Every structure is written in structure tokens, then in C-alpha cells.
$ cat run-v9.pdb   # PDB, C-alpha atoms and all ligand atoms
MODEL        1
ATOM      1  CA  MET A   1     -88.662 192.451 100.365  1.00  0.00           C
ATOM      2  CA  ASN A   2     -90.364 192.142 103.673  1.00  0.00           C
ATOM      3  CA  PHE A   3     -89.510 193.584 107.007  1.00  0.00           C
ATOM      4  CA  LEU A   4     -88.032 190.352 108.372  1.00  0.00           C
ATOM      5  CA  ALA A   5     -85.619 189.911 105.425  1.00  0.00           C
ATOM      6  CA  LEU A   6     -84.444 193.515 105.670  1.00  0.00           C
ATOM      7  CA  LEU A   7     -83.894 193.105 109.352  1.00  0.00           C
ATOM      8  CA  LEU A   8     -81.873 189.922 108.860  1.00  0.00           C
ATOM      9  CA  MET A   9     -79.617 191.621 106.276  1.00  0.00           C
ATOM     10  CA  ALA A  10     -78.858 194.426 108.652  1.00  0.00           C
ATOM     11  CA  ILE A  11     -77.776 192.202 111.515  1.00  0.00           C
ATOM     12  CA  PRO A  12     -74.737 189.888 111.826  1.00  0.00           C
ATOM     13  CA  SER A  13     -75.670 186.212 111.300  1.00  0.00           C
ATOM     14  CA  PRO A  14     -75.211 184.691 114.788  1.00  0.00           C
ATOM     15  CA  VAL A  15     -77.990 186.935 115.950  1.00  0.00           C
ATOM     16  CA  HIS A  16     -80.297 185.651 113.202  1.00  0.00           C
ATOM     17  CA  VAL A  17     -81.141 182.358 114.801  1.00  0.00           C
ATOM     18  CA  VAL A  18     -82.091 183.963 118.066  1.00  0.00           C
ATOM     19  CA  LEU A  19     -84.056 186.660 116.285  1.00  0.00           C
ATOM     20  CA  VAL A  20     -85.968 184.289 114.024  1.00  0.00           C
ATOM     21  CA  VAL A  21     -86.823 181.980 116.903  1.00  0.00           C
ATOM     22  CA  THR A  22     -88.009 184.928 118.948  1.00  0.00           C
ATOM     23  CA  LEU A  23     -90.104 186.301 116.089  1.00  0.00           C
ATOM     24  CA  LEU A  24     -91.634 182.921 115.272  1.00  0.00           C
ATOM     25  CA  SER A  25     -92.623 182.286 118.840  1.00  0.00           C
ATOM     26  CA  THR A  26     -94.257 185.708 118.937  1.00  0.00           C
ATOM     27  CA  LEU A  27     -96.060 185.352 115.610  1.00  0.00           C
ATOM     28  CA  ALA A  28     -97.080 181.671 115.779  1.00  0.00           C
ATOM     29  CA  PRO A  29    -100.682 181.155 116.840  1.00  0.00           C
ATOM     30  CA  THR A  30    -100.688 180.070 120.460  1.00  0.00           C
ATOM     31  CA  SER A  31    -101.600 176.409 120.330  1.00  0.00           C
ATOM     32  CA  ALA A  32    -103.544 176.422 123.577  1.00  0.00           C
ATOM     33  CA  ASN A  33    -103.969 172.860 124.716  1.00  0.00           C
ATOM     34  CA  VAL A  34    -105.564 173.683 128.047  1.00  0.00           C
ATOM     35  CA  GLU A  35    -107.288 170.319 128.428  1.00  0.00           C
ATOM     36  CA  GLY A  36    -104.241 168.328 127.337  1.00  0.00           C
ATOM     37  CA  ASP A  37    -102.138 170.275 129.829  1.00  0.00           C
ATOM     38  CA  ALA A  38    -104.675 169.591 132.586  1.00  0.00           C
ATOM     39  CA  LEU A  39    -104.615 165.867 131.887  1.00  0.00           C
ATOM     40  CA  TYR A  40    -100.855 165.875 131.589  1.00  0.00           C
ATOM     41  CA  ALA A  41    -100.677 167.390 135.077  1.00  0.00           C
ATOM     42  CA  LEU A  42    -102.514 164.266 136.257  1.00  0.00           C
ATOM     43  CA  ARG A  43    -100.029 162.045 134.446  1.00  0.00           C
ATOM     44  CA  ARG A  44     -97.146 163.832 136.151  1.00  0.00           C
ATOM     45  CA  ALA A  45     -98.765 163.476 139.583  1.00  0.00           C
ATOM     46  CA  ALA A  46     -99.522 159.773 139.112  1.00  0.00           C
ATOM     47  CA  LYS A  47     -97.448 156.671 139.431  1.00  0.00           C
ATOM     48  CA  ASP A  48     -98.337 154.463 136.526  1.00  0.00           C
ATOM     49  CA  PRO A  49     -96.680 151.038 136.847  1.00  0.00           C
ATOM     50  CA  GLU A  50     -98.703 149.513 133.988  1.00  0.00           C
ATOM     51  CA  ASN A  51     -97.979 152.448 131.629  1.00  0.00           C
ATOM     52  CA  VAL A  52    -101.657 153.014 130.897  1.00  0.00           C
ATOM     53  CA  LEU A  53    -100.856 156.715 130.329  1.00  0.00           C
ATOM     54  CA  GLU A  54     -98.064 156.051 127.857  1.00  0.00           C
ATOM     55  CA  SER A  55    -100.005 157.497 124.904  1.00  0.00           C
ATOM     56  CA  TRP A  56    -100.503 160.817 126.724  1.00  0.00           C
ATOM     57  CA  ASP A  57     -98.211 162.959 124.572  1.00  0.00           C
ATOM     58  CA  PRO A  58     -98.429 166.639 125.584  1.00  0.00           C
ATOM     59  CA  THR A  59     -97.014 167.834 122.246  1.00  0.00           C
ATOM     60  CA  LEU A  60    -100.160 166.823 120.337  1.00  0.00           C
ATOM     61  CA  VAL A  61    -102.660 169.615 119.589  1.00  0.00           C
ATOM     62  CA  ASP A  62    -105.304 168.063 121.824  1.00  0.00           C
ATOM     63  CA  PRO A  63    -105.657 164.962 124.011  1.00  0.00           C
ATOM     64  CA  CYS A  64    -108.377 163.377 121.884  1.00  0.00           C
ATOM     65  CA  THR A  65    -106.208 160.568 120.527  1.00  0.00           C
ATOM     66  CA  TRP A  66    -104.894 159.609 123.970  1.00  0.00           C
ATOM     67  CA  PHE A  67    -106.039 156.275 125.324  1.00  0.00           C
ATOM     68  CA  HIS A  68    -108.723 156.428 128.062  1.00  0.00           C
ATOM     69  CA  VAL A  69    -109.777 159.936 126.929  1.00  0.00           C
ATOM     70  CA  THR A  70    -112.970 160.622 124.941  1.00  0.00           C
ATOM     71  CA  CYS A  71    -113.783 163.931 123.223  1.00  0.00           C
ATOM     72  CA  ASP A  72    -116.869 165.457 121.651  1.00  0.00           C
ATOM     73  CA  GLY A  73    -117.102 166.845 118.091  1.00  0.00           C
ATOM     74  CA  ASP A  74    -115.366 170.057 119.200  1.00  0.00           C
ATOM     75  CA  ASN A  75    -112.368 168.065 120.468  1.00  0.00           C
ATOM     76  CA  ARG A  76    -113.246 168.797 124.070  1.00  0.00           C
ATOM     77  CA  VAL A  77    -112.789 166.086 126.675  1.00  0.00           C
ATOM     78  CA  THR A  78    -116.015 164.411 127.819  1.00  0.00           C
ATOM     79  CA  ARG A  79    -114.770 161.203 129.470  1.00  0.00           C
ATOM     80  CA  LEU A  80    -111.787 160.041 131.427  1.00  0.00           C
ATOM     81  CA  ASP A  81    -111.902 156.270 131.881  1.00  0.00           C
ATOM     82  CA  LEU A  82    -109.165 155.122 134.192  1.00  0.00           C
ATOM     83  CA  GLY A  83    -110.934 152.729 136.522  1.00  0.00           C
ATOM     84  CA  ASN A  84    -108.883 149.800 137.769  1.00  0.00           C
ATOM     85  CA  ALA A  85    -105.700 151.111 136.171  1.00  0.00           C
ATOM     86  CA  LYS A  86    -103.304 150.540 139.102  1.00  0.00           C
ATOM     87  CA  LEU A  87    -102.621 154.272 139.352  1.00  0.00           C
ATOM     88  CA  SER A  88    -101.259 155.767 142.540  1.00  0.00           C
ATOM     89  CA  GLY A  89    -100.374 159.366 143.328  1.00  0.00           C
ATOM     90  CA  SER A  90    -102.817 162.185 143.782  1.00  0.00           C
ATOM     91  CA  LEU A  91    -105.558 164.048 141.973  1.00  0.00           C
ATOM     92  CA  VAL A  92    -104.617 167.475 140.622  1.00  0.00           C
ATOM     93  CA  PRO A  93    -106.569 170.765 140.747  1.00  0.00           C
ATOM     94  CA  GLU A  94    -106.014 171.161 136.979  1.00  0.00           C
ATOM     95  CA  LEU A  95    -108.746 168.548 136.409  1.00  0.00           C
ATOM     96  CA  GLY A  96    -111.211 171.356 137.159  1.00  0.00           C
ATOM     97  CA  LYS A  97    -110.400 172.862 133.745  1.00  0.00           C
ATOM     98  CA  LEU A  98    -112.142 170.079 131.830  1.00  0.00           C
ATOM     99  CA  GLU A  99    -115.321 172.084 131.345  1.00  0.00           C
ATOM    100  CA  ARG A 100    -117.154 169.490 129.269  1.00  0.00           C
ATOM    101  CA  LEU A 101    -116.123 166.444 131.258  1.00  0.00           C
ATOM    102  CA  GLN A 102    -119.146 164.243 131.956  1.00  0.00           C
ATOM    103  CA  TYR A 103    -117.529 161.078 133.292  1.00  0.00           C
ATOM    104  CA  LEU A 104    -114.590 161.117 135.668  1.00  0.00           C
ATOM    105  CA  GLU A 105    -113.872 157.446 136.255  1.00  0.00           C
ATOM    106  CA  LEU A 106    -110.901 156.840 138.518  1.00  0.00           C
ATOM    107  CA  TYR A 107    -112.327 154.090 140.712  1.00  0.00           C
ATOM    108  CA  MET A 108    -110.316 151.140 142.024  1.00  0.00           C
ATOM    109  CA  ASN A 109    -106.877 152.664 141.938  1.00  0.00           C
ATOM    110  CA  ASN A 110    -104.647 153.588 144.825  1.00  0.00           C
ATOM    111  CA  LEU A 111    -104.974 157.361 144.699  1.00  0.00           C
ATOM    112  CA  VAL A 112    -103.988 159.247 147.834  1.00  0.00           C
ATOM    113  CA  GLY A 113    -104.442 162.815 149.060  1.00  0.00           C
ATOM    114  CA  SER A 114    -107.626 164.837 148.940  1.00  0.00           C
ATOM    115  CA  ILE A 115    -110.320 165.532 146.361  1.00  0.00           C
ATOM    116  CA  PRO A 116    -109.397 168.952 144.921  1.00  0.00           C
ATOM    117  CA  GLU A 117    -112.026 171.610 145.498  1.00  0.00           C
ATOM    118  CA  GLU A 118    -111.639 172.458 141.784  1.00  0.00           C
ATOM    119  CA  VAL A 119    -113.518 169.267 140.855  1.00  0.00           C
ATOM    120  CA  GLY A 120    -116.581 171.331 141.775  1.00  0.00           C
ATOM    121  CA  GLY A 121    -115.879 173.397 138.650  1.00  0.00           C
ATOM    122  CA  LEU A 122    -116.659 170.492 136.302  1.00  0.00           C
ATOM    123  CA  LYS A 123    -120.064 171.884 135.417  1.00  0.00           C
ATOM    124  CA  SER A 124    -120.911 169.163 132.857  1.00  0.00           C
ATOM    125  CA  LEU A 125    -120.111 166.280 135.167  1.00  0.00           C
ATOM    126  CA  VAL A 126    -122.671 163.468 135.293  1.00  0.00           C
ATOM    127  CA  SER A 127    -120.619 160.810 137.057  1.00  0.00           C
ATOM    128  CA  LEU A 128    -117.850 161.145 139.633  1.00  0.00           C
ATOM    129  CA  ASP A 129    -116.472 157.720 140.477  1.00  0.00           C
ATOM    130  CA  LEU A 130    -113.571 157.768 142.897  1.00  0.00           C
ATOM    131  CA  TYR A 131    -114.540 154.691 144.920  1.00  0.00           C
ATOM    132  CA  HIS A 132    -111.994 152.155 146.181  1.00  0.00           C
ATOM    133  CA  ASN A 133    -108.977 154.411 146.443  1.00  0.00           C
ATOM    134  CA  ASN A 134    -107.042 155.707 149.417  1.00  0.00           C
ATOM    135  CA  LEU A 135    -108.315 159.305 149.402  1.00  0.00           C
ATOM    136  CA  THR A 136    -108.226 161.360 152.589  1.00  0.00           C
ATOM    137  CA  GLY A 137    -109.485 164.789 153.655  1.00  0.00           C
ATOM    138  CA  SER A 138    -113.080 165.892 153.488  1.00  0.00           C
ATOM    139  CA  ILE A 139    -115.705 165.865 150.757  1.00  0.00           C
ATOM    140  CA  PRO A 140    -115.465 169.339 149.151  1.00  0.00           C
ATOM    141  CA  ALA A 141    -118.650 171.384 149.530  1.00  0.00           C
ATOM    142  CA  SER A 142    -117.883 172.674 146.024  1.00  0.00           C
ATOM    143  CA  LEU A 143    -119.284 169.393 144.643  1.00  0.00           C
ATOM    144  CA  SER A 144    -122.702 170.898 145.322  1.00  0.00           C
ATOM    145  CA  LYS A 145    -122.144 173.078 142.217  1.00  0.00           C
ATOM    146  CA  LEU A 146    -122.257 169.996 139.965  1.00  0.00           C
ATOM    147  CA  SER A 147    -125.874 170.502 138.953  1.00  0.00           C
ATOM    148  CA  ASN A 148    -125.832 167.722 136.331  1.00  0.00           C
ATOM    149  CA  LEU A 149    -124.370 165.112 138.661  1.00  0.00           C
ATOM    150  CA  LYS A 150    -126.269 161.814 138.811  1.00  0.00           C
ATOM    151  CA  PHE A 151    -123.689 159.397 140.219  1.00  0.00           C
ATOM    152  CA  LEU A 152    -121.409 160.293 143.115  1.00  0.00           C
ATOM    153  CA  ARG A 153    -119.481 157.294 144.365  1.00  0.00           C
ATOM    154  CA  LEU A 154    -116.767 158.015 146.896  1.00  0.00           C
ATOM    155  CA  ASN A 155    -117.107 154.783 148.883  1.00  0.00           C
ATOM    156  CA  SER A 156    -114.177 152.810 150.274  1.00  0.00           C
ATOM    157  CA  ASN A 157    -111.668 155.567 150.811  1.00  0.00           C
ATOM    158  CA  ARG A 158    -110.473 157.209 154.014  1.00  0.00           C
ATOM    159  CA  LEU A 159    -112.517 160.411 153.729  1.00  0.00           C
ATOM    160  CA  SER A 160    -113.235 162.245 156.969  1.00  0.00           C
ATOM    161  CA  GLY A 161    -115.201 165.266 158.157  1.00  0.00           C
ATOM    162  CA  ARG A 162    -118.887 166.008 157.671  1.00  0.00           C
ATOM    163  CA  ILE A 163    -121.028 165.293 154.648  1.00  0.00           C
ATOM    164  CA  PRO A 164    -121.503 168.824 153.268  1.00  0.00           C
ATOM    165  CA  ARG A 165    -125.141 169.734 153.699  1.00  0.00           C
ATOM    166  CA  GLN A 166    -125.016 171.643 150.392  1.00  0.00           C
ATOM    167  CA  LEU A 167    -124.887 168.297 148.551  1.00  0.00           C
ATOM    168  CA  THR A 168    -128.624 167.899 149.224  1.00  0.00           C
ATOM    169  CA  LYS A 169    -129.092 170.586 146.542  1.00  0.00           C
ATOM    170  CA  LEU A 170    -127.899 168.201 143.813  1.00  0.00           C
ATOM    171  CA  GLY A 171    -131.290 167.871 142.146  1.00  0.00           C
ATOM    172  CA  ASN A 172    -130.275 165.211 139.614  1.00  0.00           C
ATOM    173  CA  LEU A 173    -128.490 162.945 142.076  1.00  0.00           C
ATOM    174  CA  LYS A 174    -129.580 159.333 141.632  1.00  0.00           C
ATOM    175  CA  ILE A 175    -126.838 157.422 143.390  1.00  0.00           C
ATOM    176  CA  LEU A 176    -124.677 158.565 146.275  1.00  0.00           C
ATOM    177  CA  ASP A 177    -122.295 156.168 147.948  1.00  0.00           C
ATOM    178  CA  VAL A 178    -120.008 157.383 150.711  1.00  0.00           C
ATOM    179  CA  SER A 179    -119.952 154.079 152.621  1.00  0.00           C
ATOM    180  CA  ASN A 180    -116.713 152.645 154.034  1.00  0.00           C
ATOM    181  CA  ASN A 181    -115.034 155.919 154.948  1.00  0.00           C
ATOM    182  CA  ASP A 182    -114.336 157.781 158.174  1.00  0.00           C
ATOM    183  CA  LEU A 183    -117.040 160.458 157.924  1.00  0.00           C
ATOM    184  CA  CYS A 184    -118.581 162.037 161.002  1.00  0.00           C
ATOM    185  CA  GLY A 185    -121.465 164.289 161.999  1.00  0.00           C
ATOM    186  CA  THR A 186    -125.020 163.543 160.982  1.00  0.00           C
ATOM    187  CA  ILE A 187    -126.560 162.349 157.739  1.00  0.00           C
ATOM    188  CA  PRO A 188    -128.510 165.141 156.023  1.00  0.00           C
ATOM    189  CA  THR A 189    -132.019 164.048 155.007  1.00  0.00           C
ATOM    190  CA  SER A 190    -133.384 166.960 152.996  1.00  0.00           C
ATOM    191  CA  GLY A 191    -133.471 167.663 149.249  1.00  0.00           C
ATOM    192  CA  SER A 192    -132.181 164.925 146.972  1.00  0.00           C
ATOM    193  CA  PHE A 193    -131.046 162.988 150.063  1.00  0.00           C
ATOM    194  CA  THR A 194    -134.657 162.078 150.833  1.00  0.00           C
ATOM    195  CA  ARG A 195    -134.424 159.524 148.006  1.00  0.00           C
ATOM    196  CA  LEU A 196    -131.312 157.823 149.392  1.00  0.00           C
ATOM    197  CA  SER A 197    -131.218 154.752 151.594  1.00  0.00           C
ATOM    198  CA  GLU A 198    -129.008 154.191 154.627  1.00  0.00           C
ATOM    199  CA  GLU A 199    -126.799 151.891 152.579  1.00  0.00           C
ATOM    200  CA  SER A 200    -125.292 154.980 150.981  1.00  0.00           C
ATOM    201  CA  PHE A 201    -123.728 155.815 154.331  1.00  0.00           C
ATOM    202  CA  THR A 202    -122.860 152.502 156.053  1.00  0.00           C
ATOM    203  CA  ASN A 203    -119.560 151.784 157.742  1.00  0.00           C
ATOM    204  CA  ASN A 204    -118.604 155.274 158.804  1.00  0.00           C
ATOM    205  CA  SER A 205    -118.133 154.550 162.476  1.00  0.00           C
ATOM    206  CA  ARG A 206    -118.477 158.176 163.600  1.00  0.00           C
ATOM    207  CA  LEU A 207    -121.403 159.098 161.386  1.00  0.00           C
ATOM    208  CA  GLU A 208    -124.705 159.580 163.210  1.00  0.00           C
ATOM    209  CA  GLY A 209    -128.211 159.913 161.940  1.00  0.00           C
ATOM    210  CA  PRO A 210    -130.076 160.116 159.685  1.00  0.00           C
ATOM    211  CA  GLU A 211    -130.695 163.483 161.237  1.00  0.00           C
ATOM    212  CA  LEU A 212    -134.201 164.150 162.448  1.00  0.00           C
ATOM    213  CA  MET A 213    -135.218 167.457 161.025  1.00  0.00           C
ATOM    214  CA  GLY A 214    -135.963 169.856 163.824  1.00  0.00           C
ATOM    215  CA  PHE A 215    -134.781 167.492 166.560  1.00  0.00           C
ATOM    216  CA  VAL A 216    -131.143 166.775 165.901  1.00  0.00           C
ATOM    217  CA  ARG A 217    -129.079 169.650 164.645  1.00  0.00           C
ATOM    218  CA  TYR A 218    -126.767 169.043 161.709  1.00  0.00           C
ATOM    219  CA  ASP A 219    -123.762 170.352 163.555  1.00  0.00           C
ATOM    220  CA  THR A 220    -124.173 168.053 166.528  1.00  0.00           C
ATOM    221  CA  GLY A 221    -122.776 164.567 166.410  1.00  0.00           C
ATOM    222  CA  GLY A 222    -119.218 163.550 167.185  1.00  0.00           C
ATOM    223  CA  CYS A 223    -116.973 165.252 164.703  1.00  0.00           C
ATOM    224  CA  LYS A 224    -113.560 166.457 165.665  1.00  0.00           C
TER     225      LYS A 224
HETATM  226  C1  LIG B   1    -103.167 153.937 152.011  1.00  0.00           C
HETATM  227  O1  LIG B   1    -102.121 154.852 152.266  1.00  0.00           O
HETATM  228  C2  LIG B   1    -101.420 154.592 153.461  1.00  0.00           C
HETATM  229  C3  LIG B   1    -100.355 155.658 153.612  1.00  0.00           C
HETATM  230  O2  LIG B   1    -100.847 156.908 153.314  1.00  0.00           O
HETATM  231  C4  LIG B   1    -100.786 153.211 153.405  1.00  0.00           C
HETATM  232  O3  LIG B   1    -100.153 152.942 154.641  1.00  0.00           O
HETATM  233  C5  LIG B   1    -101.848 152.170 153.119  1.00  0.00           C
HETATM  234  O4  LIG B   1    -101.234 150.922 152.928  1.00  0.00           O
HETATM  235  C6  LIG B   1    -102.643 152.523 151.879  1.00  0.00           C
HETATM  236  N1  LIG B   1    -103.725 151.595 151.726  1.00  0.00           N
HETATM  237  C7  LIG B   1    -103.863 150.835 150.674  1.00  0.00           C
HETATM  238  C8  LIG B   1    -105.071 149.958 150.653  1.00  0.00           C
HETATM  239  O5  LIG B   1    -103.079 150.837 149.773  1.00  0.00           O
HETATM  240  C1  LIG B   2    -115.220 149.863 156.570  1.00  0.00           C
HETATM  241  O1  LIG B   2    -114.490 150.870 155.859  1.00  0.00           O
HETATM  242  C2  LIG B   2    -113.080 150.774 155.967  1.00  0.00           C
HETATM  243  C3  LIG B   2    -112.473 151.989 155.276  1.00  0.00           C
HETATM  244  O2  LIG B   2    -112.745 152.003 153.901  1.00  0.00           O
HETATM  245  C4  LIG B   2    -112.595 149.454 155.373  1.00  0.00           C
HETATM  246  O3  LIG B   2    -111.207 149.358 155.533  1.00  0.00           O
HETATM  247  C5  LIG B   2    -113.307 148.307 156.086  1.00  0.00           C
HETATM  248  O4  LIG B   2    -112.959 147.097 155.472  1.00  0.00           O
HETATM  249  C6  LIG B   2    -114.814 148.489 156.043  1.00  0.00           C
HETATM  250  N1  LIG B   2    -115.454 147.463 156.848  1.00  0.00           N
HETATM  251  C7  LIG B   2    -116.436 146.692 156.384  1.00  0.00           C
HETATM  252  C8  LIG B   2    -117.037 145.739 157.361  1.00  0.00           C
HETATM  253  O5  LIG B   2    -116.848 146.763 155.228  1.00  0.00           O
ENDMDL
END
$ encode --input "run-v9.pdb" --output "C-alpha cells" --more "lines below"
Ligand SMILES: *[C@@H]1O[C@H](CO)[C@@H](O)[C@H](O)[C@H]1NC(C)=O
Ligand SMILES: *[C@@H]1O[C@H](CO)[C@@H](O)[C@H](O)[C@H]1NC(C)=O
Amino acid sequence: MNFLALLLMAIPSPVHVVLVVTLLSTLAPTSANVEGDALYALRRAAKDPENVLESWDPTLVDPCTWFHVTCDGDNRVTRLDLGNAKLSGSLVPELGKLERLQYLELYMNNLVGSIPEEVGGLKSLVSLDLYHNNLTGSIPASLSKLSNLKFLRLNSNRLSGRIPRQLTKLGNLKILDVSNNDLCGTIPTSGSFTRLSEESFTNNSRLEGPELMGFVRYDTGGCK
């Protein structure tokens, strides 16, 4: 007879249920669904009039069977494809936990609020597409940590503040589009930005430049 059975015999029955539940929850392997929880945080923060997130069931062991989510062979999330999905609401810092995410596609929705600094923790990210939303606040300098990033499209939002100079360190950057926002300061021209054309930056009425290295300082230019 095992320890649990002996224990149950020694204790009056109403206590059994509580005891068994407590023991099971202690002994059961913790089914950590960190990535599912992170995505579910996005579902909770979003308004979803077309129910595109209906299949996002947080009780499943991982989010790999959810619509609009793609995983790799280790059941880790690599893509989130929610462009043009009529979502509103805001982005959540939990998204930064998706360590293997390569494609974050949330373009053409009506997302509000700022881009969480934690997005800079998505070290596998290749493509960050947040264009055509209603995002405000500044472009987080933390995005400069995304060393694999090739496509950064933040155009047609209401982003303000300076373009973080650190973004010029993104060595793999092929396409940057921050046009149609409310950015200010000067346009950095060094590093990977030397390959970009002015079209990447058009229609930011307070943005000046491109900055002339050595002549115009980065921190000059109307930016309140
Ligand atoms: C963006 O959000 C503001 C309120 O924060 C709202 O007034 C405006 O209509 C929104 N723009 C679009 C295109 O939905
Ligand atoms: C400039 O950007 C703003 C903000 O995204 C947008 O509302 C406006 O239509 C754009 N203007 C042009 C001429 O594209």
C-alpha cells in the first residue's frame, strides 16, 4: 500500500478531495505553455469582431494547432499571420517571449497603443510588419537587437519621436518603411541605412534630413 492510500485511510473523507487535488497539482508535471500563454495575452488584449482568434484555446498543450500560428518541429512558434484581420486593441509585452518567432505579421489592422519594448527580445525575427495600424508612441530602440531582421515595416501609423540611431546597426536590414507617421528629428544615414532610399521616410512632416554626417547633428532637428 502506498503512502497516498495510507494517508487517505487515516483522514476523514471530506478532506480527501481537497488532499488529492492538492497532491495531484503538486505532482503533475507542469505543462508550461509559455508561448500559448503569450499569444493568449494578445487575444485578451484584442478586439476581434470577425472571430479570427476563435481557435486560440489556452487549454491545449501548445498553440501549434491554432489558426494563424505556425510552429517548427519542436512545436515552437515561428510565424504569426494576422494581417488584415480587423483586429483592434493593443500589442502586449508577452509577445517578446516567442523566442523563435520569425514573422510577426499584424499589418492592416486597427491596433492602438505603442510597440512594446519587449518586441526587441524576439531574437529570431526576420520580418516585423505592423504597417497600416493606429500605433502611437516611439519606435523602441530595443528593435536594434533584432540582428536577423530583414523587413521592418511600420509605415502608416501615428508613431512619433526620433528614429533610434541604433537601428543603423541592423546589418541584415533590406527594407525599412517608416513613411506616413509623425516622426521627428533627422534621418540617420550610417550603417544599413546607407542602402535605404528617401521613400522609406516620406510623409513625416517633422522629420528632417537625411542628416549630413559631420554637418548636421543627429539630435538637432525639430523634435519636441
Ligand atoms: C485611431 O485612434 C484614434 C483614437 O485613439 C481614433 O480617433 C481614430 O479614428 C483611429 N484611426 C483610425 C484610422 O481608425
Ligand atoms: C501621411 O501620413 C498620415 C499618417 O499616417 C496619413 O494620415 C496621411 O494620409 C498621409 N498623407 C499622404 C499624402 O500620404
$ residues_near_ligand --input "run-v9.pdb" --ligand "ligand LIG 2 (chain B)" --cutoff "8 Å" --atoms "only C-alpha atoms and all ligand atoms" --output "ChimeraX atom specification"
/A:132,155-158,179-182,203-204
$ residues_near_ligand --input "run-v9.pdb" --ligand "ligand LIG 1 (chain B)" --cutoff "7 Å" --atoms "all atoms listed in the file" --output "JSON, numbers by chain"
{"A": [110, 112, 134]}
$ residues_around --input "run-v9.pdb" --residues "Glu117 of chain A" --least-positions-apart "5" --cutoff "12 Å" --atoms "all atoms listed in the file" --output "VMD selection string"
chain A and resid 91 to 97 122 137 to 146
$ resolve_selection --input "run-v9.pdb" --expression "the PyMOL selection byres (((chain A and resi 47) around 6) and not hetatm)" --output "VMD selection string"
chain A and resid 46 48 87 to 89
$ atom_distance --input "run-v9.pdb" --atom1 "atom CA of Val119 of chain A" --atom2 "atom CA of Glu50 of chain A"
25.6 Å
$ closest_residue --input "run-v9.pdb" --among "A:Asn84, A:Asn33, A:Asn172, A:Asn51" --to "Ser147 of chain A" --atoms "all atoms listed in the file"
A:Asn172
$ residues_around --input "run-v9.pdb" --residues "segment 64-70 of chain A" --least-positions-apart "6" --cutoff "10 Å" --atoms "only C-alpha atoms" --output "VMD selection string"
chain A and resid 35 to 36 39 52 to 58 76 to 83 101 103 105
$ atom_distance --input "run-v9.pdb" --atom1 "atom CA of Arg153 of chain A" --atom2 "atom CA of Ser127 of chain A"
8.2 Å
$ atom_distance --input "run-v9.pdb" --atom1 "atom CA of Leu60 of chain A" --atom2 "atom CA of Ser90 of chain A"
24.0 Å
$ closest_residue --input "run-v9.pdb" --among "A:Gly161, A:Pro49, A:Leu149, A:Cys223" --to "Ser114 of chain A" --atoms "all atoms listed in the file"
A:Gly161
$ closest_residue --input "run-v9.pdb" --among "A:Leu173, A:Asn148, A:Leu154, A:Thr136" --to "Met108 of chain A" --atoms "only C-alpha atoms"
A:Leu154
$ axis_aligned_box --input "run-v9.pdb" --around "segment 39-50 of chain A" --padding-each-side "4 Å" --output "AutoDock Vina command-line options"
--center_x -100.6 --center_y 158.5 --center_z 135.6 --size_x 15.9 --size_y 25.9 --size_z 16.0
$ closest_residue --input "run-v9.pdb" --among "A:Arg162, A:Arg206, A:Arg43, A:Lys123" --to "Arg100 of chain A" --atoms "all atoms listed in the file"
A:Lys123
$ resolve_selection --input "run-v9.pdb" --expression "the PyMOL selection byres (((chain A and resi 168) around 10) and not hetatm)" --output "count of residues only"
17
$ closest_residue --input "run-v9.pdb" --among "A:Leu135, A:Ala85, A:Leu125, A:Leu98" --to "Cys71 of chain A" --atoms "all atoms listed in the file"
A:Leu98
$ residues_near_point --input "run-v9.pdb" --point "(-122.1, 160.0, 147.8)" --cutoff "7 Å" --atoms "all atoms listed in the file" --output "short mmCIF file (atom, residue, chain, number, x, y, z; two decimals) with C-alpha atoms, keeping the file's coordinate frame"
data_model
loop_
_atom_site.label_atom_id
_atom_site.label_comp_id
_atom_site.auth_asym_id
_atom_site.auth_seq_id
_atom_site.Cartn_x
_atom_site.Cartn_y
_atom_site.Cartn_z
CA LEU A 152 -121.41 160.29 143.12
CA ARG A 153 -119.48 157.29 144.36
CA LEU A 154 -116.77 158.01 146.90
CA ILE A 175 -126.84 157.42 143.39
CA LEU A 176 -124.68 158.56 146.28
CA ASP A 177 -122.30 156.17 147.95
CA VAL A 178 -120.01 157.38 150.71
CA SER A 200 -125.29 154.98 150.98
#
$ decode --input "run-v9.pdb" --residues "segment 158-182 of chain A" --atoms "C-alpha atoms" --output "PDB file, in the first residue's frame"
ATOM      1  CA  ARG A 158       0.908  57.562 -35.803  1.00  0.00           C
ATOM      2  CA  LEU A 159       4.408  56.894 -34.454  1.00  0.00           C
ATOM      3  CA  SER A 160       6.281  59.889 -33.077  1.00  0.00           C
ATOM      4  CA  GLY A 161       9.715  60.706 -31.682  1.00  0.00           C
ATOM      5  CA  ARG A 162      13.100  60.140 -33.293  1.00  0.00           C
ATOM      6  CA  ILE A 163      14.209  57.230 -35.421  1.00  0.00           C
ATOM      7  CA  PRO A 164      16.552  55.433 -32.997  1.00  0.00           C
ATOM      8  CA  ARG A 165      20.059  55.756 -34.353  1.00  0.00           C
ATOM      9  CA  GLN A 166      20.839  52.243 -33.073  1.00  0.00           C
ATOM     10  CA  LEU A 167      18.660  50.820 -35.871  1.00  0.00           C
ATOM     11  CA  THR A 168      21.503  51.543 -38.313  1.00  0.00           C
ATOM     12  CA  LYS A 169      23.259  48.556 -36.692  1.00  0.00           C
ATOM     13  CA  LEU A 170      20.715  46.134 -38.183  1.00  0.00           C
ATOM     14  CA  GLY A 171      23.156  44.526 -40.599  1.00  0.00           C
ATOM     15  CA  ASN A 172      20.610  42.332 -42.395  1.00  0.00           C
ATOM     16  CA  LEU A 173      18.016  45.048 -42.929  1.00  0.00           C
ATOM     17  CA  LYS A 174      16.768  45.046 -46.516  1.00  0.00           C
ATOM     18  CA  ILE A 175      13.556  47.018 -46.272  1.00  0.00           C
ATOM     19  CA  LEU A 176      12.670  49.739 -43.801  1.00  0.00           C
ATOM     20  CA  ASP A 177       9.462  51.687 -44.168  1.00  0.00           C
ATOM     21  CA  VAL A 178       8.508  54.278 -41.577  1.00  0.00           C
ATOM     22  CA  SER A 179       6.673  56.574 -44.013  1.00  0.00           C
ATOM     23  CA  ASN A 180       3.312  58.144 -43.128  1.00  0.00           C
ATOM     24  CA  ASN A 181       3.919  58.652 -39.420  1.00  0.00           C
ATOM     25  CA  ASP A 182       4.661  61.628 -37.194  1.00  0.00           C
TER      26      ASP A 182
END
